[in-house]
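Source file model.cif; content: mmCIF, C-alpha atoms.
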```cif
data_query
#
loop_
_atom_site.label_atom_id
_atom_site.label_comp_id
_atom_site.auth_asym_id
_atom_site.auth_seq_id
_atom_site.Cartn_x
_atom_site.Cartn_y
_atom_site.Cartn_z
CA MET P 60 -14.68 39.75 3.27
CA ALA P 61 -14.61 39.48 7.04
CA GLY P 62 -13.41 43.00 7.72
CA LYS P 63 -10.96 44.06 10.41
CA ARG P 64 -12.21 41.98 13.30
CA LYS P 65 -10.07 40.67 16.16
CA ILE P 66 -10.01 36.87 16.24
CA SER P 67 -8.35 35.16 19.22
CA LEU P 68 -9.60 31.59 18.73
CA VAL P 69 -10.68 29.42 15.80
CA LEU P 70 -13.04 26.51 16.52
CA ALA P 71 -13.26 23.95 13.72
CA ASP P 72 -15.53 21.04 13.01
CA VAL P 73 -13.57 17.95 11.93
CA ASP P 74 -15.38 15.77 9.36
CA GLY P 75 -16.35 17.65 6.23
CA THR P 76 -14.30 20.64 7.38
CA LEU P 77 -10.81 20.17 8.82
CA VAL P 78 -10.18 16.84 7.06
CA THR P 79 -10.92 15.75 3.51
CA GLU P 80 -13.47 13.20 2.36
CA ASP P 81 -10.73 10.58 2.85
CA LYS P 82 -10.23 11.84 6.44
CA VAL P 83 -6.84 13.34 5.63
CA LEU P 84 -5.43 16.40 7.36
CA THR P 85 -3.61 18.04 4.45
CA LYS P 86 -0.22 19.72 4.67
CA ARG P 87 -1.82 23.04 3.75
CA ALA P 88 -4.45 22.69 6.50
CA LEU P 89 -1.78 21.84 9.06
CA ALA P 90 0.36 24.77 7.90
CA ALA P 91 -2.64 27.09 8.29
CA VAL P 92 -3.10 26.00 11.91
CA GLN P 93 0.60 26.50 12.57
CA ARG P 94 0.35 29.99 11.07
CA LEU P 95 -2.61 30.79 13.33
CA ARG P 96 -0.54 29.81 16.33
CA GLY P 97 2.35 31.87 15.01
CA VAL P 98 0.27 35.05 15.14
CA GLY P 99 -1.20 34.26 18.56
CA ILE P 100 -4.56 32.82 17.48
CA ARG P 101 -5.49 29.66 19.39
CA PHE P 102 -7.07 26.64 17.71
CA ALA P 103 -9.67 24.14 18.96
CA ILE P 104 -11.69 21.30 17.46
CA THR P 105 -15.16 19.92 18.06
CA SER P 106 -16.90 16.91 16.57
CA GLY P 107 -19.67 14.41 16.97
CA ARG P 108 -16.84 11.86 17.16
CA PRO P 109 -15.80 10.43 20.53
CA PRO P 110 -12.61 12.11 21.77
CA GLN P 111 -10.70 8.86 21.21
CA GLY P 112 -11.78 9.07 17.58
CA MET P 113 -9.99 12.41 17.18
CA ALA P 114 -6.80 11.41 19.01
CA MET P 115 -4.86 10.90 15.78
CA LEU P 116 -5.09 14.67 15.22
CA PHE P 117 -4.00 15.91 18.65
CA ASP P 118 -0.24 15.75 18.27
CA SER P 119 -0.01 16.97 14.68
CA LEU P 120 -2.20 19.95 15.56
CA GLN P 121 -0.31 20.50 18.84
CA LEU P 122 -3.61 21.12 20.60
CA ASP P 123 -3.44 22.95 23.92
CA THR P 124 -7.17 23.70 24.13
CA PRO P 125 -9.98 21.50 25.52
CA ILE P 126 -11.17 18.99 22.92
CA ALA P 127 -14.95 18.78 22.55
CA GLY P 128 -16.15 15.31 21.58
CA PHE P 129 -19.76 14.21 21.15
CA ASN P 130 -20.64 17.76 20.03
CA GLY P 131 -19.68 19.04 23.48
CA GLY P 132 -20.95 16.12 25.51
CA LEU P 133 -17.41 15.33 26.64
CA PHE P 134 -14.47 17.71 27.04
CA VAL P 135 -11.03 16.17 27.39
CA LYS P 136 -7.39 17.19 27.52
CA ARG P 137 -4.87 16.07 24.92
CA ASP P 138 -4.11 12.95 27.03
CA LEU P 139 -7.86 12.07 26.91
CA SER P 140 -8.35 12.79 30.60
CA ILE P 141 -11.88 14.04 31.18
CA ILE P 142 -12.45 17.69 32.04
CA GLU P 143 -16.25 17.66 31.94
CA GLN P 144 -19.03 15.48 30.57
CA LYS P 145 -22.77 15.74 29.99
CA THR P 146 -24.85 12.57 29.61
CA LEU P 147 -28.42 11.86 28.52
CA PRO P 148 -31.12 11.06 31.09
CA ALA P 149 -31.88 7.32 30.85
CA ASP P 150 -35.51 7.88 29.84
CA VAL P 151 -34.45 10.22 27.02
CA ALA P 152 -31.93 7.63 25.85
CA ALA P 153 -34.61 4.92 25.75
CA THR P 154 -37.03 7.18 23.88
CA ALA P 155 -34.31 8.17 21.42
CA ILE P 156 -33.56 4.56 20.53
CA ALA P 157 -37.26 3.80 20.09
CA LEU P 158 -37.73 6.86 17.87
CA ILE P 159 -34.69 6.01 15.76
CA ARG P 160 -35.97 2.50 15.17
CA GLU P 161 -39.50 3.71 14.38
CA HIS P 162 -38.01 5.75 11.55
CA GLY P 163 -36.12 2.73 10.20
CA LEU P 164 -32.68 3.93 11.27
CA ASP P 165 -29.98 1.84 12.94
CA ALA P 166 -28.97 2.91 16.47
CA TRP P 167 -25.50 3.34 17.97
CA VAL P 168 -24.81 4.14 21.63
CA TYR P 169 -21.70 5.87 22.98
CA ARG P 170 -21.14 5.30 26.69
CA GLY P 171 -17.88 6.18 28.41
CA ASN P 172 -15.15 5.06 26.02
CA ASP P 173 -17.39 2.37 24.50
CA TRP P 174 -19.12 2.47 21.14
CA LEU P 175 -22.01 -0.02 21.26
CA ILE P 176 -23.88 -1.44 18.27
CA THR P 177 -26.26 -4.34 17.69
CA LYS P 178 -25.34 -5.17 14.07
CA ALA P 179 -21.70 -5.47 13.03
CA ASP P 180 -22.56 -5.27 9.32
CA ALA P 181 -24.89 -2.27 9.59
CA PRO P 182 -24.38 0.74 7.30
CA HIS P 183 -21.35 2.94 8.06
CA VAL P 184 -20.00 0.76 10.90
CA ALA P 185 -16.89 -0.35 9.01
CA ARG P 186 -16.24 3.15 7.66
CA GLU P 187 -16.71 4.74 11.08
CA ALA P 188 -14.37 2.22 12.72
CA TRP P 189 -11.72 3.05 10.10
CA THR P 190 -12.27 6.78 10.67
CA VAL P 191 -12.08 6.78 14.48
CA LYS P 192 -9.43 4.03 14.65
CA PHE P 193 -11.19 1.82 17.19
CA GLN P 194 -13.77 -0.94 17.01
CA PRO P 195 -17.34 -0.97 18.36
CA LYS P 196 -18.65 -3.57 20.79
CA VAL P 197 -21.56 -5.66 19.53
CA VAL P 198 -24.32 -6.16 22.12
CA ALA P 199 -27.64 -8.00 21.95
CA ASP P 200 -29.56 -4.91 23.04
CA PHE P 201 -29.10 -1.59 24.82
CA ASN P 202 -31.64 -2.12 27.62
CA ASP P 203 -29.16 -2.29 30.50
CA LYS P 204 -26.75 0.22 28.96
CA LEU P 205 -28.74 3.44 29.03
CA GLY P 206 -27.05 5.04 32.03
CA ASP P 207 -24.26 7.57 31.45
CA VAL P 208 -24.84 7.68 27.69
CA ALA P 209 -22.96 10.52 26.02
CA LYS P 210 -24.47 10.20 22.55
CA ILE P 211 -26.95 8.13 20.55
CA VAL P 212 -26.72 8.10 16.77
CA GLY P 213 -29.39 7.23 14.24
CA VAL P 214 -27.84 5.95 11.02
CA SER P 215 -29.31 5.50 7.55
CA ASP P 216 -28.36 6.08 3.93
CA ASP P 217 -31.93 7.28 3.36
CA HIS P 218 -31.20 10.93 4.05
CA ASP P 219 -34.87 11.91 4.01
CA LYS P 220 -35.55 9.44 6.81
CA VAL P 221 -32.70 10.93 8.84
CA GLN P 222 -34.04 14.44 8.28
CA ARG P 223 -37.58 13.40 9.33
CA CYS P 224 -36.22 11.64 12.40
CA GLU P 225 -34.29 14.79 13.30
CA ALA P 226 -37.46 16.90 13.15
CA ASP P 227 -39.47 14.37 15.17
CA ALA P 228 -36.70 14.02 17.77
CA GLN P 229 -36.48 17.79 18.19
CA ALA P 230 -40.24 17.93 18.68
CA ALA P 231 -40.24 14.98 21.08
CA PHE P 232 -37.40 16.17 23.31
CA GLY P 233 -37.87 19.93 23.19
CA GLN P 234 -35.33 21.36 25.64
CA ARG P 235 -34.49 17.96 27.18
CA ALA P 236 -31.94 16.92 24.53
CA THR P 237 -30.15 18.14 21.42
CA ALA P 238 -30.94 16.34 18.15
CA SER P 239 -29.04 17.41 15.03
CA ARG P 240 -27.52 15.86 11.91
CA SER P 241 -23.73 15.71 11.95
CA GLN P 242 -23.77 14.15 8.46
CA PRO P 243 -26.69 13.57 6.07
CA TYR P 244 -26.67 9.94 7.26
CA TYR P 245 -26.07 10.57 11.00
CA LEU P 246 -28.52 11.98 13.54
CA ASP P 247 -26.76 12.77 16.83
CA ILE P 248 -28.79 12.91 20.04
CA THR P 249 -26.95 14.34 23.02
CA HIS P 250 -27.49 16.10 26.35
CA LYS P 251 -29.45 19.35 26.04
CA ASP P 252 -26.28 21.35 26.71
CA ALA P 253 -24.13 19.18 24.46
CA ASN P 254 -24.18 21.09 21.22
CA LYS P 255 -21.65 23.13 19.32
CA GLY P 256 -23.16 26.41 20.43
CA ALA P 257 -22.47 25.38 24.02
CA VAL P 258 -18.92 24.46 22.96
CA VAL P 259 -18.35 28.09 21.94
CA GLU P 260 -19.68 29.25 25.30
CA TYR P 261 -17.55 26.72 27.20
CA LEU P 262 -14.34 27.68 25.40
CA SER P 263 -15.13 31.37 25.84
CA ARG P 264 -15.36 30.86 29.61
CA HIS P 265 -12.55 28.33 29.95
CA LEU P 266 -10.02 30.21 27.82
CA ASN P 267 -11.22 33.70 28.78
CA VAL P 268 -11.88 34.67 25.16
CA ALA P 269 -14.86 36.82 24.26
CA ALA P 270 -17.32 35.00 22.00
CA GLU P 271 -17.05 37.92 19.57
CA GLU P 272 -13.37 37.01 19.14
CA ILE P 273 -14.11 33.37 18.25
CA ALA P 274 -14.33 32.27 14.61
CA THR P 275 -16.09 28.99 13.77
CA ILE P 276 -15.99 26.84 10.64
CA GLY P 277 -18.18 23.87 9.72
CA ASP P 278 -20.39 22.21 7.13
CA GLN P 279 -23.42 20.57 8.74
CA PRO P 280 -26.69 21.66 10.41
CA ASN P 281 -25.20 20.94 13.85
CA ASP P 282 -22.55 23.58 13.14
CA VAL P 283 -25.14 26.35 12.81
CA LEU P 284 -25.48 26.63 16.60
CA MET P 285 -21.78 27.47 16.90
CA PHE P 286 -22.09 29.91 14.01
CA LYS P 287 -24.77 31.77 15.96
CA LYS P 288 -22.69 31.96 19.17
CA SER P 289 -19.42 33.14 17.59
CA GLY P 290 -18.30 36.48 16.27
CA PHE P 291 -17.45 35.21 12.79
CA SER P 292 -18.49 32.01 11.03
CA ILE P 293 -17.43 30.22 7.85
CA ALA P 294 -19.40 27.56 5.97
CA MET P 295 -17.56 25.01 3.86
CA GLY P 296 -18.21 24.82 0.13
CA ASN P 297 -19.63 21.33 0.62
CA ALA P 298 -22.24 22.64 3.08
CA SER P 299 -25.89 22.89 2.08
CA ASP P 300 -27.34 26.23 1.02
CA GLN P 301 -29.27 26.24 4.31
CA VAL P 302 -26.04 26.03 6.33
CA LYS P 303 -24.25 28.55 4.10
CA ALA P 304 -27.05 31.05 4.66
CA GLU P 305 -26.32 30.99 8.41
CA ALA P 306 -22.60 31.79 8.08
CA SER P 307 -20.73 35.08 7.80
CA ALA P 308 -18.69 33.76 4.87
CA THR P 309 -18.17 30.67 2.73
CA THR P 310 -15.07 28.88 1.49
CA ASP P 311 -14.26 26.05 -0.91
CA SER P 312 -14.99 22.36 -0.43
CA TYR P 313 -13.20 20.09 2.01
CA ASN P 314 -11.74 18.34 -1.03
CA ASP P 315 -10.37 21.62 -2.38
CA GLU P 316 -8.47 22.92 0.68
CA GLY P 317 -11.52 24.85 1.87
CA PHE P 318 -10.38 24.92 5.50
CA ALA P 319 -6.87 26.15 4.70
CA LYS P 320 -8.18 28.73 2.24
CA ALA P 321 -10.63 30.05 4.85
CA MET P 322 -7.89 30.45 7.43
CA GLU P 323 -5.62 32.19 4.93
CA ARG P 324 -8.26 34.51 3.53
CA TYR P 325 -10.53 35.33 6.43
CA ILE P 326 -8.53 34.75 9.62
CA LEU P 327 -4.88 35.26 8.88
CA GLY P 328 -5.83 38.22 6.72
CA LEU P 329 -7.51 39.78 9.76
CA SER P 330 -4.28 39.78 11.74
CA ASP P 331 -2.22 41.73 9.22
#
```
File written out as structure tokens:
Amino acid sequence: MAGKRKISLVLADVDGTLVTEDKVLTKRALAAVQRLRGVGIRFAITSGRPPQGMAMLFDSLQLDTPIAGFNGGLFVKRDLSIIEQKTLPADVAATAIALIREHGLDAWVYRGNDWLITKADAPHVAREAWTVKFQPKVVADFNDKLGDVAKIVGVSDDHDKVQRCEADAQAAFGQRATASRSQPYYLDITHKDANKGAVVEYLSRHLNVAAEEIATIGDQPNDVLMFKKSGFSIAMGNASDQVKAEASATTDSYNDEGFAKAMERYILGLSD
């Protein structure tokens, strides 16, 4: 159990956490967020998705907190107006694309509000477009599009390749960029200060909430950084054992109301 700890803000990952495998925000999850608000606990979301790809959640969740897209590379308001953004240096972007291709992964580039790809029929493109509710732009190459890049993604259904590329990218970039898997098949490369740990720090400053009073919930390796920066952390049941080991508590799977159950058990229980 979490114990009697004051929680003033909950920060949730989206895919694999807040929504189900079918990308559905369940009635129970929505009710849990409403109950948080009812007892004075604020709610925020962060994701590797572009902010536009989370917009379908904004109104139902009644968000009044900054929304952190691209793992913190871009903070926006509910109307998608930009509060702050962090982009990759052009040379890091070029190196990232080369490294991704060396490992046999497909590359995606997110720049401004554009999602750029080179192969329309590449793995996960159709599914991602359905998830984020907008279409990518197909380009011949990325050579003249490496300025103001918010995120580069390496994509493959060979999860071992993605994991190896993650390790090599972390070694190659050191402190110059953040490289972390947002799904077993996605490697996200973002600005060095665009990571979910930095999202906790940003929200702490922006909302004047002590980090110790922030609870985080997620399922992937890129969520571990926010676990480490927050006062209380919850790993989803669908998370790996490695991710679970980094959290204060665990809950059920995203397909078994794990988010809602975590809020009810660990957070709402704390406010009794």
Please tabulate, as a Markdown table, the residues of segment 130-149 of chain P that come within 9 Å of segment 223-243 of chain P, each with its closest pair of atoms and the distance in Å to one decimal, counting all atoms listed in the file and ordering rows by chain, then residue number upward.
```
| residue | atom | partner | partner_atom | distance |
| --- | --- | --- | --- | --- |
| P:Asn130 | CA | P:Ser241 | CA | 8.9 |
| P:Leu147 | CA | P:Ala236 | CA | 7.3 |
| P:Pro148 | CA | P:Arg235 | CA | 8.6 |
```
- Selection under test: the PyMOL selection byres ((chain P and resi 310) around 10); residues as a list in words: Ile276, Ile293, Ala294, Met295, Gly296, Asn297, Ala298, Lys303, Ala308, Thr309, Asp311, Ser312, Tyr313, Asp315, Glu316, Gly317, Phe318, Ala319, Lys320, Ala321, Met322, Arg324 and Tyr325 of chain P
- Any idea what's packed within 10 Å of Ile156 of chain P, counting all atoms listed in the file, ignoring anything in its chain fewer than 2 positions away? Could you give it as a count of residues only? 20
- Item | Point-to-point distance from atom CA of Glu187 of chain P to atom CA of Tyr261 of chain P, Å rounded to tenths |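 Computed distance, atom CA of Glu187 of chain P to atom CA of Tyr261 of chain P, equals 27.3 Å.
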Can you sort out the box for segment 160-165 of chain P, edges along x, y and z, all listed atoms in, 3 Å on every side, with centre and edge lengths in Å to one decimal, as lines of an AutoDock Vina configuration file?
```
center_x = -34.7
center_y = 3.8
center_z = 12.7
size_x = 15.5
size_y = 9.9
size_z = 11.0
```
- Item | Between atom CA of Ala270 of chain P and atom CA of Gly99 of chain P, distance in Å (one decimal) | 16.5 Å
- Message: Set the distance at 9 Å and use all atoms listed in the file: which residues neighbour Lys82 of chain P once local chain neighbours fewer than 6 positions away are removed? I'd like the list as a ChimeraX atom specification.
- Response: /P:73-75,190
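In this model, the gap between atom CA of Gln222 of chain P and atom CA of Arg108 of chain P comes to 19.5 Å.
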- Item | Nearest residue to Phe102 of chain P from the set P:Asp72, P:Arg87, P:Asp252, P:Leu139 (distances using only C-alpha atoms) | P:Asp72
Any chance you could work out the residue set of the PyMOL selection byres ((chain P and resi 127) around 8) here, as a PDB file with C-alpha atoms, in the coordinates of the input?
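Heads up, here's the output in out_8.pdb:
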```
ATOM      1  CA  ILE P 104     -11.690  21.300  17.460  1.00  0.00           C
ATOM      2  CA  THR P 105     -15.160  19.920  18.060  1.00  0.00           C
ATOM      3  CA  SER P 106     -16.900  16.910  16.570  1.00  0.00           C
ATOM      4  CA  PRO P 110     -12.610  12.110  21.770  1.00  0.00           C
ATOM      5  CA  PRO P 125      -9.980  21.500  25.520  1.00  0.00           C
ATOM      6  CA  ILE P 126     -11.170  18.990  22.920  1.00  0.00           C
ATOM      7  CA  GLY P 128     -16.150  15.310  21.580  1.00  0.00           C
ATOM      8  CA  PHE P 129     -19.760  14.210  21.150  1.00  0.00           C
ATOM      9  CA  ASN P 130     -20.640  17.760  20.030  1.00  0.00           C
ATOM     10  CA  GLY P 131     -19.680  19.040  23.480  1.00  0.00           C
ATOM     11  CA  GLY P 132     -20.950  16.120  25.510  1.00  0.00           C
ATOM     12  CA  LEU P 133     -17.410  15.330  26.640  1.00  0.00           C
ATOM     13  CA  PHE P 134     -14.470  17.710  27.040  1.00  0.00           C
ATOM     14  CA  VAL P 135     -11.030  16.170  27.390  1.00  0.00           C
ATOM     15  CA  VAL P 258     -18.920  24.460  22.960  1.00  0.00           C
TER      16      VAL P 258
END
```
- Of the candidates P:Glu80, P:Asp180, P:Asp216, P:Asp207, which one gets nearest to Lys145 of chain P if we count all atoms listed in the file?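 Looking only at the distances to Lys145 of chain P, the closest residue turns out to be P:Asp207.
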- Task: Expand the PyMOL selection byres ((chain P and resi 98) around 12) into the individual residues it matches in the shown file, reporting them as a PyMOL selection string.
- Result: chain P and resi 65-68+91-97+99-102+326-331
Write segment 85-97 of chain P as a PDB file, in the frame of the given file, completed to N, CA, C and O atoms.
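That gives us result_19.pdb:
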```
ATOM      1  N   THR P  85      -4.588  17.715   5.480  1.00  0.00           N
ATOM      2  CA  THR P  85      -3.610  18.040   4.450  1.00  0.00           C
ATOM      3  C   THR P  85      -2.464  18.889   5.005  1.00  0.00           C
ATOM      4  O   THR P  85      -2.594  19.529   6.058  1.00  0.00           O
ATOM      5  N   LYS P  86      -1.372  18.910   4.268  1.00  0.00           N
ATOM      6  CA  LYS P  86      -0.220  19.720   4.670  1.00  0.00           C
ATOM      7  C   LYS P  86      -0.590  21.203   4.719  1.00  0.00           C
ATOM      8  O   LYS P  86      -0.144  21.939   5.595  1.00  0.00           O
ATOM      9  N   ARG P  87      -1.422  21.623   3.788  1.00  0.00           N
ATOM     10  CA  ARG P  87      -1.820  23.040   3.750  1.00  0.00           C
ATOM     11  C   ARG P  87      -2.701  23.383   4.951  1.00  0.00           C
ATOM     12  O   ARG P  87      -2.557  24.466   5.538  1.00  0.00           O
ATOM     13  N   ALA P  88      -3.596  22.452   5.328  1.00  0.00           N
ATOM     14  CA  ALA P  88      -4.450  22.690   6.500  1.00  0.00           C
ATOM     15  C   ALA P  88      -3.599  22.769   7.769  1.00  0.00           C
ATOM     16  O   ALA P  88      -3.799  23.648   8.617  1.00  0.00           O
ATOM     17  N   LEU P  89      -2.656  21.846   7.887  1.00  0.00           N
ATOM     18  CA  LEU P  89      -1.780  21.840   9.060  1.00  0.00           C
ATOM     19  C   LEU P  89      -0.926  23.115   9.110  1.00  0.00           C
ATOM     20  O   LEU P  89      -0.764  23.730  10.166  1.00  0.00           O
ATOM     21  N   ALA P  90      -0.437  23.538   7.955  1.00  0.00           N
ATOM     22  CA  ALA P  90       0.360  24.770   7.900  1.00  0.00           C
ATOM     23  C   ALA P  90      -0.475  25.974   8.308  1.00  0.00           C
ATOM     24  O   ALA P  90       0.024  26.892   8.975  1.00  0.00           O
ATOM     25  N   ALA P  91      -1.755  25.976   7.927  1.00  0.00           N
ATOM     26  CA  ALA P  91      -2.640  27.090   8.290  1.00  0.00           C
ATOM     27  C   ALA P  91      -2.808  27.172   9.803  1.00  0.00           C
ATOM     28  O   ALA P  91      -2.778  28.266  10.385  1.00  0.00           O
ATOM     29  N   VAL P  92      -2.967  26.009  10.450  1.00  0.00           N
ATOM     30  CA  VAL P  92      -3.100  26.000  11.910  1.00  0.00           C
ATOM     31  C   VAL P  92      -1.812  26.486  12.563  1.00  0.00           C
ATOM     32  O   VAL P  92      -1.838  27.249  13.546  1.00  0.00           O
ATOM     33  N   GLN P  93      -0.691  26.053  12.024  1.00  0.00           N
ATOM     34  CA  GLN P  93       0.600  26.500  12.570  1.00  0.00           C
ATOM     35  C   GLN P  93       0.758  28.015  12.406  1.00  0.00           C
ATOM     36  O   GLN P  93       1.277  28.695  13.298  1.00  0.00           O
ATOM     37  N   ARG P  94       0.283  28.550  11.294  1.00  0.00           N
ATOM     38  CA  ARG P  94       0.350  29.990  11.070  1.00  0.00           C
ATOM     39  C   ARG P  94      -0.563  30.739  12.033  1.00  0.00           C
ATOM     40  O   ARG P  94      -0.211  31.824  12.505  1.00  0.00           O
ATOM     41  N   LEU P  95      -1.723  30.173  12.326  1.00  0.00           N
ATOM     42  CA  LEU P  95      -2.610  30.790  13.330  1.00  0.00           C
ATOM     43  C   LEU P  95      -1.859  30.923  14.651  1.00  0.00           C
ATOM     44  O   LEU P  95      -1.849  31.992  15.275  1.00  0.00           O
ATOM     45  N   ARG P  96      -1.262  29.812  15.058  1.00  0.00           N
ATOM     46  CA  ARG P  96      -0.540  29.810  16.330  1.00  0.00           C
ATOM     47  C   ARG P  96       0.604  30.825  16.303  1.00  0.00           C
ATOM     48  O   ARG P  96       0.889  31.507  17.297  1.00  0.00           O
ATOM     49  N   GLY P  97       1.229  30.962  15.152  1.00  0.00           N
ATOM     50  CA  GLY P  97       2.350  31.870  15.010  1.00  0.00           C
ATOM     51  C   GLY P  97       1.980  33.338  15.207  1.00  0.00           C
ATOM     52  O   GLY P  97       2.829  34.151  15.584  1.00  0.00           O
TER      53      GLY P  97
END
```
